[in-house]
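Participant: Structure file run-v3.cif (mmCIF, C-alpha atoms; chains and numbers go by the auth columns) right here:
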data_final
loop_
_atom_site.group_PDB
_atom_site.id
_atom_site.type_symbol
_atom_site.label_atom_id
_atom_site.label_comp_id
_atom_site.label_asym_id
_atom_site.label_seq_id
_atom_site.Cartn_x
_atom_site.Cartn_y
_atom_site.Cartn_z
_atom_site.B_iso_or_equiv
_atom_site.auth_seq_id
_atom_site.auth_asym_id
ATOM 1 C CA MET A 1 101.789 101.545 93.364 0.00 1 D
ATOM 2 C CA ILE A 2 101.462 105.158 94.491 0.00 2 D
ATOM 3 C CA ASP A 3 102.643 107.921 92.158 0.00 3 D
ATOM 4 C CA VAL A 4 105.322 109.460 94.378 0.00 4 D
ATOM 5 C CA THR A 5 105.408 112.681 92.356 0.00 5 D
ATOM 6 C CA THR A 6 101.947 113.483 93.711 0.00 6 D
ATOM 7 C CA TRP A 7 103.533 114.073 97.112 0.00 7 D
ATOM 8 C CA THR A 8 106.290 116.293 95.752 0.00 8 D
ATOM 9 C CA ALA A 9 105.762 120.007 95.132 0.00 9 D
ATOM 10 C CA HIS A 10 107.740 121.414 92.225 0.00 10 D
ATOM 11 C CA ALA A 11 106.885 125.080 92.852 0.00 11 D
ATOM 12 C CA SER A 12 108.703 127.363 95.286 0.00 12 D
ATOM 13 C CA ARG A 13 108.944 125.850 98.737 0.00 13 D
ATOM 14 C CA GLU A 14 107.773 128.781 100.817 0.00 14 D
ATOM 15 C CA PRO A 15 105.116 131.428 100.247 0.00 15 D
ATOM 16 C CA SER A 16 105.900 135.095 99.693 0.00 16 D
ATOM 17 C CA GLU A 17 105.850 137.711 102.440 0.00 17 D
ATOM 18 C CA GLN A 18 102.531 138.982 101.081 0.00 18 D
ATOM 19 C CA PHE A 19 100.985 135.531 101.126 0.00 19 D
ATOM 20 C CA LEU A 20 102.256 134.864 104.655 0.00 20 D
ATOM 21 C CA ALA A 21 100.647 138.130 105.785 0.00 21 D
ATOM 22 C CA ALA A 22 97.396 137.073 104.127 0.00 22 D
ATOM 23 C CA MET A 23 97.585 133.695 105.873 0.00 23 D
ATOM 24 C CA ASP A 24 98.070 135.416 109.222 0.00 24 D
ATOM 25 C CA ARG A 25 95.055 137.671 108.616 0.00 25 D
ATOM 26 C CA ARG A 26 92.964 134.678 107.554 0.00 26 D
ATOM 27 C CA TRP A 27 93.914 132.795 110.713 0.00 27 D
ATOM 28 C CA ARG A 28 93.217 135.698 113.086 0.00 28 D
ATOM 29 C CA ASP A 29 89.965 136.674 111.363 0.00 29 D
ATOM 30 C CA GLY A 30 88.820 133.066 111.640 0.00 30 D
ATOM 31 C CA LEU A 31 89.435 133.069 115.386 0.00 31 D
ATOM 32 C CA GLU A 32 87.585 136.364 115.813 0.00 32 D
ATOM 33 C CA CYS A 33 84.595 135.214 113.749 0.00 33 D
ATOM 34 C CA PRO A 34 84.775 131.407 113.525 0.00 34 D
ATOM 35 C CA ALA A 35 82.809 129.726 110.747 0.00 35 D
ATOM 36 C CA THR A 36 81.667 126.992 113.147 0.00 36 D
ATOM 37 C CA ARG A 37 81.986 126.004 116.788 0.00 37 D
ATOM 38 C CA CYS A 38 84.140 123.069 115.711 0.00 38 D
ATOM 39 C CA GLU A 39 87.592 122.843 117.295 0.00 39 D
ATOM 40 C CA TRP A 40 89.147 123.199 113.828 0.00 40 D
ATOM 41 C CA SER A 41 87.587 126.685 113.650 0.00 41 D
ATOM 42 C CA VAL A 42 87.900 127.981 117.207 0.00 42 D
ATOM 43 C CA GLY A 43 91.011 126.222 118.534 0.00 43 D
ATOM 44 C CA ARG A 44 94.195 128.229 118.073 0.00 44 D
ATOM 45 C CA LEU A 45 96.361 125.178 117.501 0.00 45 D
ATOM 46 C CA HIS A 46 93.786 123.310 115.426 0.00 46 D
ATOM 47 C CA SER A 47 93.069 126.263 113.140 0.00 47 D
ATOM 48 C CA LEU A 48 96.779 127.035 112.694 0.00 48 D
ATOM 49 C CA ALA A 49 97.483 123.410 111.777 0.00 49 D
ATOM 50 C CA LEU A 50 94.592 123.420 109.305 0.00 50 D
ATOM 51 C CA LEU A 51 95.782 126.663 107.701 0.00 51 D
ATOM 52 C CA HIS A 52 99.309 125.453 107.050 0.00 52 D
ATOM 53 C CA LEU A 53 98.519 121.879 106.164 0.00 53 D
ATOM 54 C CA ASP A 54 95.883 123.078 103.702 0.00 54 D
ATOM 55 C CA ARG A 55 98.504 125.242 101.970 0.00 55 D
ATOM 56 C CA ALA A 56 100.967 122.358 101.655 0.00 56 D
ATOM 57 C CA ALA A 57 98.312 119.838 100.558 0.00 57 D
ATOM 58 C CA HIS A 58 96.807 122.310 98.078 0.00 58 D
ATOM 59 C CA LYS A 59 100.178 122.677 96.314 0.00 59 D
ATOM 60 C CA ARG A 60 100.297 118.916 95.863 0.00 60 D
ATOM 61 C CA ARG A 61 96.585 118.445 95.073 0.00 61 D
ATOM 62 C CA LEU A 62 96.249 115.946 97.890 0.00 62 D
ATOM 63 C CA ARG A 63 92.989 115.220 99.675 0.00 63 D
ATOM 64 C CA ALA A 64 93.212 116.411 103.272 0.00 64 D
ATOM 65 C CA ILE A 65 90.913 115.427 106.124 0.00 65 D
ATOM 66 C CA TYR A 66 91.002 116.779 109.652 0.00 66 D
ATOM 67 C CA VAL A 67 90.275 114.384 112.505 0.00 67 D
ATOM 68 C CA THR A 68 89.502 115.342 116.071 0.00 68 D
ATOM 69 C CA ALA A 69 87.915 113.854 119.164 0.00 69 D
ATOM 70 C CA GLY A 70 84.508 114.772 120.533 0.00 70 D
ATOM 71 C CA MET A 71 81.259 115.478 118.757 0.00 71 D
ATOM 72 C CA CYS A 72 80.139 118.316 116.507 0.00 72 D
ATOM 73 C CA ASP A 73 76.659 119.323 115.378 0.00 73 D
ATOM 74 C CA GLU A 74 77.998 121.363 112.477 0.00 74 D
ATOM 75 C CA GLY A 75 77.111 119.780 109.162 0.00 75 D
ATOM 76 C CA ASP A 76 79.101 122.312 107.135 0.00 76 D
ATOM 77 C CA HIS A 77 82.625 123.338 108.138 0.00 77 D
ATOM 78 C CA GLY A 78 83.008 125.989 105.457 0.00 78 D
ATOM 79 C CA PHE A 79 85.643 126.322 102.784 0.00 79 D
ATOM 80 C CA THR A 80 89.359 125.674 103.131 0.00 80 D
ATOM 81 C CA PRO A 81 91.703 128.611 103.797 0.00 81 D
ATOM 82 C CA MET A 82 93.219 128.266 100.306 0.00 82 D
ATOM 83 C CA SER A 83 89.735 128.668 98.815 0.00 83 D
ATOM 84 C CA ASP A 84 89.876 132.241 100.143 0.00 84 D
ATOM 85 C CA LEU A 85 93.580 132.907 99.609 0.00 85 D
ATOM 86 C CA VAL A 86 93.806 131.438 96.078 0.00 86 D
ATOM 87 C CA PRO A 87 90.544 132.746 94.558 0.00 87 D
ATOM 88 C CA GLY A 88 91.596 132.039 90.979 0.00 88 D
ATOM 89 C CA ASP A 89 92.208 128.350 91.552 0.00 89 D
ATOM 90 C CA MET A 90 91.061 126.349 88.526 0.00 90 D
ATOM 91 C CA TYR A 91 89.554 123.668 90.775 0.00 91 D
ATOM 92 C CA GLY A 92 87.302 126.118 92.577 0.00 92 D
ATOM 93 C CA PRO A 93 86.578 126.343 96.310 0.00 93 D
ATOM 94 C CA GLU A 94 86.935 123.194 98.411 0.00 94 D
ATOM 95 C CA ALA A 95 85.054 122.311 101.580 0.00 95 D
ATOM 96 C CA VAL A 96 86.929 121.506 104.780 0.00 96 D
ATOM 97 C CA ARG A 97 86.557 117.788 105.438 0.00 97 D
ATOM 98 C CA VAL A 98 86.275 117.159 109.174 0.00 98 D
ATOM 99 C CA VAL A 99 85.799 113.864 111.006 0.00 99 D
ATOM 100 C CA HIS A 100 84.824 113.726 114.674 0.00 100 D
ATOM 101 C CA THR A 101 85.568 110.499 116.509 0.00 101 D
ATOM 102 C CA GLY A 102 83.576 110.909 119.723 0.00 102 D
ATOM 103 C CA ASP A 103 85.356 108.988 122.472 0.00 103 D
ATOM 104 C CA ALA A 104 87.587 107.135 120.007 0.00 104 D
ATOM 105 C CA SER A 105 91.188 108.139 119.346 0.00 105 D
ATOM 106 C CA PRO A 106 91.516 110.753 116.591 0.00 106 D
ATOM 107 C CA LEU A 107 95.040 109.581 115.726 0.00 107 D
ATOM 108 C CA ALA A 108 93.897 105.981 115.344 0.00 108 D
ATOM 109 C CA ALA A 109 91.046 107.169 113.114 0.00 109 D
ATOM 110 C CA ALA A 110 93.461 109.283 111.062 0.00 110 D
ATOM 111 C CA ILE A 111 95.720 106.264 110.521 0.00 111 D
ATOM 112 C CA ALA A 112 92.712 104.209 109.409 0.00 112 D
ATOM 113 C CA ALA A 113 91.685 106.937 106.944 0.00 113 D
ATOM 114 C CA ALA A 114 95.183 107.091 105.455 0.00 114 D
ATOM 115 C CA LYS A 115 95.160 103.314 105.003 0.00 115 D
ATOM 116 C CA ASP A 116 91.897 103.571 103.045 0.00 116 D
ATOM 117 C CA ASP A 117 93.113 106.128 100.488 0.00 117 D
ATOM 118 C CA PRO A 118 96.699 106.375 99.153 0.00 118 D
ATOM 119 C CA TYR A 119 96.212 110.044 98.172 0.00 119 D
ATOM 120 C CA THR A 120 94.806 111.231 101.496 0.00 120 D
ATOM 121 C CA VAL A 121 96.707 113.097 104.164 0.00 121 D
ATOM 122 C CA ALA A 122 94.937 112.888 107.504 0.00 122 D
ATOM 123 C CA ALA A 123 95.762 115.534 110.093 0.00 123 D
ATOM 124 C CA THR A 124 95.009 115.489 113.778 0.00 124 D
ATOM 125 C CA VAL A 125 95.946 117.536 116.844 0.00 125 D
ATOM 126 C CA ILE A 126 96.579 115.600 120.025 0.00 126 D
ATOM 127 C CA THR A 127 98.141 115.899 123.443 0.00 127 D
ATOM 128 C CA GLU A 128 100.865 113.687 124.818 0.00 128 D
ATOM 129 C CA ALA A 129 98.346 112.245 127.269 0.00 129 D
ATOM 130 C CA GLN A 130 96.150 111.168 124.366 0.00 130 D
ATOM 131 C CA PHE A 131 99.096 109.633 122.536 0.00 131 D
ATOM 132 C CA VAL A 132 100.212 107.455 125.462 0.00 132 D
ATOM 133 C CA SER A 133 96.720 106.339 126.527 0.00 133 D
ATOM 134 C CA VAL A 134 97.001 102.679 127.474 0.00 134 D
ATOM 135 C CA ASP A 135 93.824 101.846 125.547 0.00 135 D
ATOM 136 C CA THR A 136 95.034 103.243 122.211 0.00 136 D
ATOM 137 C CA TYR A 137 98.841 103.377 122.292 0.00 137 D
ATOM 138 C CA ASP A 138 99.211 100.331 120.030 0.00 138 D
ATOM 139 C CA ASP A 139 96.699 101.851 117.584 0.00 139 D
ATOM 140 C CA HIS A 140 98.944 104.915 117.347 0.00 140 D
ATOM 141 C CA SER A 141 101.885 103.000 115.902 0.00 141 D
ATOM 142 C CA ALA A 142 103.214 104.410 112.648 0.00 142 D
ATOM 143 C CA SER A 143 104.163 100.862 111.659 0.00 143 D
ATOM 144 C CA LEU A 144 100.500 100.411 110.693 0.00 144 D
ATOM 145 C CA LEU A 145 101.173 102.588 107.617 0.00 145 D
ATOM 146 C CA ASN A 146 102.807 101.196 104.482 0.00 146 D
ATOM 147 C CA PRO A 147 104.507 103.976 102.453 0.00 147 D
ATOM 148 C CA ALA A 148 104.018 102.024 99.227 0.00 148 D
ATOM 149 C CA THR A 149 100.249 101.598 99.448 0.00 149 D
ATOM 150 C CA HIS A 150 98.820 104.008 102.015 0.00 150 D
ATOM 151 C CA GLY A 151 98.341 107.737 102.339 0.00 151 D
ATOM 152 C CA ALA A 152 99.910 109.657 105.212 0.00 152 D
ATOM 153 C CA VAL A 153 99.110 110.929 108.669 0.00 153 D
ATOM 154 C CA ILE A 154 100.485 114.222 109.940 0.00 154 D
ATOM 155 C CA PRO A 155 99.818 114.509 113.676 0.00 155 D
ATOM 156 C CA PHE A 156 100.369 117.799 115.480 0.00 156 D
ATOM 157 C CA ILE A 157 101.172 117.243 119.141 0.00 157 D
ATOM 158 C CA TYR A 158 101.012 120.043 121.704 0.00 158 D
ATOM 159 C CA ALA A 159 104.016 120.693 123.953 0.00 159 D
ATOM 160 C CA PRO A 160 104.222 123.382 126.662 0.00 160 D
ATOM 161 C CA ALA A 161 106.410 126.307 125.631 0.00 161 D
ATOM 162 C CA ASP A 162 108.157 126.231 129.012 0.00 162 D
ATOM 163 C CA GLU A 163 108.831 122.486 129.127 0.00 163 D
ATOM 164 C CA SER A 164 112.225 121.280 130.293 0.00 164 D
ATOM 165 C CA ALA A 165 114.843 119.756 128.032 0.00 165 D
ATOM 166 C CA ASP A 166 114.416 116.443 129.876 0.00 166 D
ATOM 167 C CA ASP A 167 110.665 116.407 129.155 0.00 167 D
ATOM 168 C CA ALA A 168 111.294 117.107 125.456 0.00 168 D
ATOM 169 C CA TYR A 169 113.935 114.348 125.317 0.00 169 D
ATOM 170 C CA ASP A 170 111.618 111.824 126.991 0.00 170 D
ATOM 171 C CA ARG A 171 108.805 112.623 124.554 0.00 171 D
ATOM 172 C CA GLU A 172 111.187 112.267 121.606 0.00 172 D
ATOM 173 C CA ASP A 173 112.133 108.769 122.761 0.00 173 D
ATOM 174 C CA LEU A 174 108.493 107.866 123.251 0.00 174 D
ATOM 175 C CA LEU A 175 107.458 109.020 119.791 0.00 175 D
ATOM 176 C CA ARG A 176 110.401 107.349 118.052 0.00 176 D
ATOM 177 C CA ALA A 177 109.582 104.097 119.816 0.00 177 D
ATOM 178 C CA ASN A 178 106.173 104.218 118.160 0.00 178 D
ATOM 179 C CA GLY A 179 107.515 105.020 114.692 0.00 179 D
ATOM 180 C CA PHE A 180 107.524 108.834 114.532 0.00 180 D
ATOM 181 C CA SER A 181 110.273 111.381 113.990 0.00 181 D
ATOM 182 C CA THR A 182 109.656 114.901 115.252 0.00 182 D
ATOM 183 C CA TYR A 183 109.716 118.306 113.597 0.00 183 D
ATOM 184 C CA THR A 184 109.480 120.996 116.282 0.00 184 D
ATOM 185 C CA ILE A 185 108.115 124.521 115.923 0.00 185 D
ATOM 186 C CA ASP A 186 107.752 127.127 118.673 0.00 186 D
ATOM 187 C CA VAL A 187 104.780 129.382 117.923 0.00 187 D
ATOM 188 C CA SER A 188 105.270 131.668 120.910 0.00 188 D
ATOM 189 C CA ALA A 189 106.689 134.275 118.508 0.00 189 D
ATOM 190 C CA LEU A 190 103.338 134.654 116.730 0.00 190 D
ATOM 191 C CA GLY A 191 102.542 137.553 119.025 0.00 191 D
ATOM 192 C CA ASP A 192 105.790 139.441 118.319 0.00 192 D
ATOM 193 C CA ASP A 193 106.769 138.464 114.775 0.00 193 D
ATOM 194 C CA PRO A 194 103.863 136.610 113.143 0.00 194 D
ATOM 195 C CA ILE A 195 105.256 136.597 109.604 0.00 195 D
ATOM 196 C CA ASP A 196 108.505 134.988 110.722 0.00 196 D
ATOM 197 C CA ALA A 197 106.587 132.379 112.741 0.00 197 D
ATOM 198 C CA HIS A 198 104.348 131.553 109.763 0.00 198 D
ATOM 199 C CA ARG A 199 107.425 131.376 107.514 0.00 199 D
ATOM 200 C CA HIS A 200 109.071 128.822 109.778 0.00 200 D
ATOM 201 C CA LEU A 201 105.903 126.742 110.028 0.00 201 D
ATOM 202 C CA ALA A 202 105.403 126.812 106.257 0.00 202 D
ATOM 203 C CA GLY A 203 109.003 125.679 105.730 0.00 203 D
ATOM 204 C CA LEU A 204 108.605 122.959 108.333 0.00 204 D
ATOM 205 C CA LEU A 205 105.520 121.590 106.546 0.00 205 D
ATOM 206 C CA GLU A 206 107.502 121.544 103.291 0.00 206 D
ATOM 207 C CA ASP A 207 110.157 119.459 105.066 0.00 207 D
ATOM 208 C CA VAL A 208 107.458 117.132 106.421 0.00 208 D
ATOM 209 C CA PHE A 209 105.931 116.519 102.987 0.00 209 D
ATOM 210 C CA ASP A 210 109.391 116.087 101.473 0.00 210 D
ATOM 211 C CA GLU A 211 110.165 113.444 104.078 0.00 211 D
ATOM 212 C CA ILE A 212 106.921 111.615 103.271 0.00 212 D
ATOM 213 C CA ALA A 213 107.807 111.723 99.571 0.00 213 D
ATOM 214 C CA HIS A 214 111.238 110.261 100.369 0.00 214 D
ATOM 215 C CA LEU A 215 109.675 107.451 102.394 0.00 215 D
ATOM 216 C CA LYS A 216 107.367 106.614 99.525 0.00 216 D
ATOM 217 C CA ALA A 217 110.169 106.776 96.948 0.00 217 D
ATOM 218 C CA ASP A 218 112.413 104.504 99.037 0.00 218 D
ATOM 219 C CA SER A 219 109.564 102.053 99.502 0.00 219 D
ATOM 220 C CA ALA A 220 108.723 102.080 95.784 0.00 220 D
ATOM 221 C CA GLY A 221 112.396 101.569 94.935 0.00 221 D
ATOM 222 C CA ARG A 222 112.669 98.704 97.445 0.00 222 D
ATOM 223 C CA VAL A 223 115.619 100.365 99.159 0.00 223 D
ATOM 224 C CA MET A 224 113.994 100.734 102.574 0.00 224 D
ATOM 225 C CA SER A 225 115.878 98.414 104.914 0.00 225 D
ATOM 226 C CA VAL A 226 114.245 99.373 108.222 0.00 226 D
ATOM 227 C CA SER A 227 110.806 100.447 109.356 0.00 227 D
ATOM 228 C CA PRO A 228 110.343 104.107 108.445 0.00 228 D
ATOM 229 C CA LEU A 229 109.895 106.937 110.903 0.00 229 D
ATOM 230 C CA TRP A 230 106.899 109.044 109.889 0.00 230 D
ATOM 231 C CA PRO A 231 106.993 112.781 110.618 0.00 231 D
ATOM 232 C CA MET A 232 105.063 114.296 113.503 0.00 232 D
ATOM 233 C CA VAL A 233 104.916 118.042 114.198 0.00 233 D
ATOM 234 C CA VAL A 234 105.613 119.070 117.794 0.00 234 D
ATOM 235 C CA VAL A 235 104.109 122.501 118.443 0.00 235 D
ATOM 236 C CA ARG A 236 105.525 124.291 121.457 0.00 236 D
ATOM 237 C CA ALA A 237 102.942 126.834 122.563 0.00 237 D
ATOM 238 C CA PRO A 238 101.633 128.662 125.652 0.00 238 D
ATOM 239 C CA ALA A 239 99.398 126.800 128.088 0.00 239 D
ATOM 240 C CA GLU A 240 96.222 128.402 126.736 0.00 240 D
ATOM 241 C CA TRP A 241 96.889 126.729 123.387 0.00 241 D
ATOM 242 C CA GLU A 242 96.600 123.207 124.781 0.00 242 D
ATOM 243 C CA PRO A 243 93.851 121.440 122.803 0.00 243 D
ATOM 244 C CA CYS A 244 90.779 120.058 124.510 0.00 244 D
ATOM 245 C CA VAL A 245 91.056 116.361 125.303 0.00 245 D
ATOM 246 C CA ASP A 246 87.335 115.610 125.394 0.00 246 D
ATOM 247 C CA GLY A 247 86.236 117.723 122.420 0.00 247 D
ATOM 248 C CA ARG A 248 84.417 120.366 124.482 0.00 248 D
ATOM 249 C CA VAL A 249 85.209 123.898 123.340 0.00 249 D
ATOM 250 C CA ASP A 250 84.799 127.276 125.000 0.00 250 D
ATOM 251 C CA VAL A 251 84.695 129.728 122.098 0.00 251 D
ATOM 252 C CA ARG A 252 85.449 132.705 124.324 0.00 252 D
ATOM 253 C CA GLU A 253 88.660 131.091 125.564 0.00 253 D
ATOM 254 C CA HIS A 254 89.981 130.528 122.081 0.00 254 D
ATOM 255 C CA THR A 255 89.084 133.908 120.577 0.00 255 D
ATOM 256 C CA GLN A 256 91.074 136.006 122.995 0.00 256 D
ATOM 257 C CA SER A 257 93.998 137.827 121.373 0.00 257 D
#
Would you mind writing the structure in this file as C-alpha cells?
Facilitator:
Amino acid sequence: MIDVTTWTAHASREPSEQFLAAMDRRWRDGLECPATRCEWSVGRLHSLALLHLDRAAHKRRLRAIYVTAGMCDEGDHGFTPMSDLVPGDMYGPEAVRVVHTGDASPLAAAIAAAKDDPYTVAATVITEAQFVSVDTYDDHSASLLNPATHGAVIPFIYAPADESADDAYDREDLLRANGFSTYTIDVSALGDDPIDAHRHLAGLLEDVFDEIAHLKADSAGRVMSVSPLWPMVVVRAPAEWEPCVDGRVDVREHTQS
C-alpha cells in the first residue's frame, strides 16, 4: 500500500515572491542558453512544465521523469531547476530524468512508467491531436492507473489561447471520457506580469498534487465508489508555444523572447 503522506506537502503551498522571481529568471535563462537541444530544454511549454512540476515534486520528495516523443542524442540533460534554486538542499543536486519515446506515444509511456513505480510522477506535454490519435487513444485512458498501487501521470496539454468556448467544452468532454479532469492555466500573461502567472501555475500544481493525494487516500480507505478522474493541466498559450508533434525542434524558434 502506498504511503499517501508522501504525496502531500506540509509546507507552505506557494513559493514567495522572491522565489517566483528566481524561477522566472531560471526559466528565461534556460531558454536563452539551453543546457541541451532536448525539447525539455528549448521548448517554452516543456521547460515551463518541467520547472513547475520539479518544484512541486521536490517538496514531496517524489521521483519525477519527463517523457516526450521523438529522439534525442543528449546523454546528459543537466540538473533539475530546484538543484539551482535550492542550493542548500541536503540531498544535493539531482539530474533531470528524460525519456524519449521515438514514434511511440509519450502519454502511454508515462502511464506505463507510473505503473512501474508507486513513487514516480511522470510528466508529459502533448497536443490534442496526439491525445485523440486512433492508434493510441485507448492507451491514454486514465483507468489504466490504480491510485492504490501506482504512481501518477501529470500530462500538460496545449490549447490555443484564442480557442472558442465550444472548442474548450468539447475537449473537456473528450478528456473526461478518458478519465481525466482538467486544471486550466492561461500563460499569455507571462509577458506582462510573469510573477503573477508563475504564482497561478504554482498554485495550480499544488491543487493537482492535492487531488492526487485525495485519490490515493480514498482508494486506500476503500471509499472510492467510481473510477477516479486524474488531473490533467490544460495550458492555454499563443500559437508559437504549440509543442512539436514529431520531436523535431528548432532552437531558434523557441528562444525568441
Participant: Could you give me, as a ChimeraX atom specification, the residues within 10 Å of range 60-66 of chain D, counting only C-alpha atoms and dropping anything in the same chain fewer than 5 positions from it?
Facilitator: /D:5-11,40,46,49-50,53-55,91,96-100,106,110,113-114,117-125,151-155,209
Participant: Kindly resolve the PyMOL selection byres ((chain D and resi 185) around 12) on the present coordinates and return the residues as a ChimeraX atom specification.
Facilitator: /D:45,49,156-161,182-184,186-190,196-205,232-237
Participant: Using only C-alpha atoms, please write the residues we just selected to a file, as a PDB file, in the coordinates of the input.
Facilitator:
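Saved as result27.pdb:
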ATOM      1  CA  LEU D  45      96.361 125.178 117.501  1.00  0.00           C
ATOM      2  CA  ALA D  49      97.483 123.410 111.777  1.00  0.00           C
ATOM      3  CA  PHE D 156     100.369 117.799 115.480  1.00  0.00           C
ATOM      4  CA  ILE D 157     101.172 117.243 119.141  1.00  0.00           C
ATOM      5  CA  TYR D 158     101.012 120.043 121.704  1.00  0.00           C
ATOM      6  CA  ALA D 159     104.016 120.693 123.953  1.00  0.00           C
ATOM      7  CA  PRO D 160     104.222 123.382 126.662  1.00  0.00           C
ATOM      8  CA  ALA D 161     106.410 126.307 125.631  1.00  0.00           C
ATOM      9  CA  THR D 182     109.656 114.901 115.252  1.00  0.00           C
ATOM     10  CA  TYR D 183     109.716 118.306 113.597  1.00  0.00           C
ATOM     11  CA  THR D 184     109.480 120.996 116.282  1.00  0.00           C
ATOM     12  CA  ASP D 186     107.752 127.127 118.673  1.00  0.00           C
ATOM     13  CA  VAL D 187     104.780 129.382 117.923  1.00  0.00           C
ATOM     14  CA  SER D 188     105.270 131.668 120.910  1.00  0.00           C
ATOM     15  CA  ALA D 189     106.689 134.275 118.508  1.00  0.00           C
ATOM     16  CA  LEU D 190     103.338 134.654 116.730  1.00  0.00           C
ATOM     17  CA  ASP D 196     108.505 134.988 110.722  1.00  0.00           C
ATOM     18  CA  ALA D 197     106.587 132.379 112.741  1.00  0.00           C
ATOM     19  CA  HIS D 198     104.348 131.553 109.763  1.00  0.00           C
ATOM     20  CA  ARG D 199     107.425 131.376 107.514  1.00  0.00           C
ATOM     21  CA  HIS D 200     109.071 128.822 109.778  1.00  0.00           C
ATOM     22  CA  LEU D 201     105.903 126.742 110.028  1.00  0.00           C
ATOM     23  CA  ALA D 202     105.403 126.812 106.257  1.00  0.00           C
ATOM     24  CA  GLY D 203     109.003 125.679 105.730  1.00  0.00           C
ATOM     25  CA  LEU D 204     108.605 122.959 108.333  1.00  0.00           C
ATOM     26  CA  LEU D 205     105.520 121.590 106.546  1.00  0.00           C
ATOM     27  CA  MET D 232     105.063 114.296 113.503  1.00  0.00           C
ATOM     28  CA  VAL D 233     104.916 118.042 114.198  1.00  0.00           C
ATOM     29  CA  VAL D 234     105.613 119.070 117.794  1.00  0.00           C
ATOM     30  CA  VAL D 235     104.109 122.501 118.443  1.00  0.00           C
ATOM     31  CA  ARG D 236     105.525 124.291 121.457  1.00  0.00           C
ATOM     32  CA  ALA D 237     102.942 126.834 122.563  1.00  0.00           C
TER      33      ALA D 237
END
Participant: Quick check, in Å to one decimal: how far apart do CA of Asp116 in chain D and CA of Thr101 in chain D lie?
Facilitator: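 According to the coordinates, CA of Asp116 in chain D and CA of Thr101 in chain D are separated by 16.4 Å.
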Participant: If I take CA of Glu128 in chain D and CA of Arg171 in chain D, how far is one from the other in Å, to one decimal?
Facilitator: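 Between CA of Glu128 in chain D and CA of Arg171 in chain D the gap works out to 8.0 Å.
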Participant: May I ask which of the residues D:Trp27, D:Glu39, D:Ala129, D:Ile111 is the closest one to Thr80 in chain D, counting all atoms listed in the file?
Facilitator: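 Closest to Thr80 in chain D, using all atoms listed in the file: D:Trp27.
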Participant: So, counting all atoms listed in the file, which residue among D:Leu85, D:Asp139, D:Cys38, D:His77 is closest to Leu51 in chain D?
Facilitator: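 Closest residue, counting all atoms listed in the file: D:Leu85.
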Participant: Distance CA of Tyr137 in chain D-CA of Ala108 in chain D, one decimal place?
Facilitator: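 Going from CA of Tyr137 in chain D over to CA of Ala108 in chain D, I get 8.9 Å.
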Participant: Given all atoms listed in the file as the basis, pick out the residue of D:Asp76, D:Asp24, D:Leu175, D:Ser105 nearest to Ile126 in chain D.
Facilitator: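 Among D:Asp76, D:Asp24, D:Leu175, D:Ser105, it is D:Ser105 that comes nearest to Ile126 in chain D.
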Participant: Adding 8 Å on each side of the box along x, y and z that holds all listed atoms of range 78-87 of chain D, could you give its centre and edge lengths in Å to one decimal, as lines of an AutoDock Vina configuration file?
Facilitator:
center_x = 88.4
center_y = 129.3
center_z = 100.0
size_x = 26.8
size_y = 23.2
size_z = 26.9
Participant: Can you spell out as a list in words the set of residues that the PyMOL selection byres ((chain D and resi 228) around 7) selects in the structure I just provided?
Facilitator: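 Applying the PyMOL selection byres ((chain D and resi 228) around 7) to the structure shown produces Gly179, Leu215, Val226, Ser227, Leu229 and Trp230 of chain D.
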Participant: At a cut-off of 8 Å, using all atoms listed in the file, what residues contact Arg26 in chain D? Leave out same-chain residues fewer than 4 positions from it and give the result as a PyMOL selection string.
Facilitator: chain D and resi 22+30+81
Participant: Name the residues that the PyMOL selection byres ((chain D and resi 142-146) around 7) pulls out of this structure, and write them as a ChimeraX atom specification.
Facilitator: /D:115,140-141,147-150,178-180,230
Participant: Nearest to Val86 in chain D: which of D:Ala35, D:Met23, D:Val67, D:Leu174 is it, counting only C-alpha atoms?
Facilitator: D:Met23
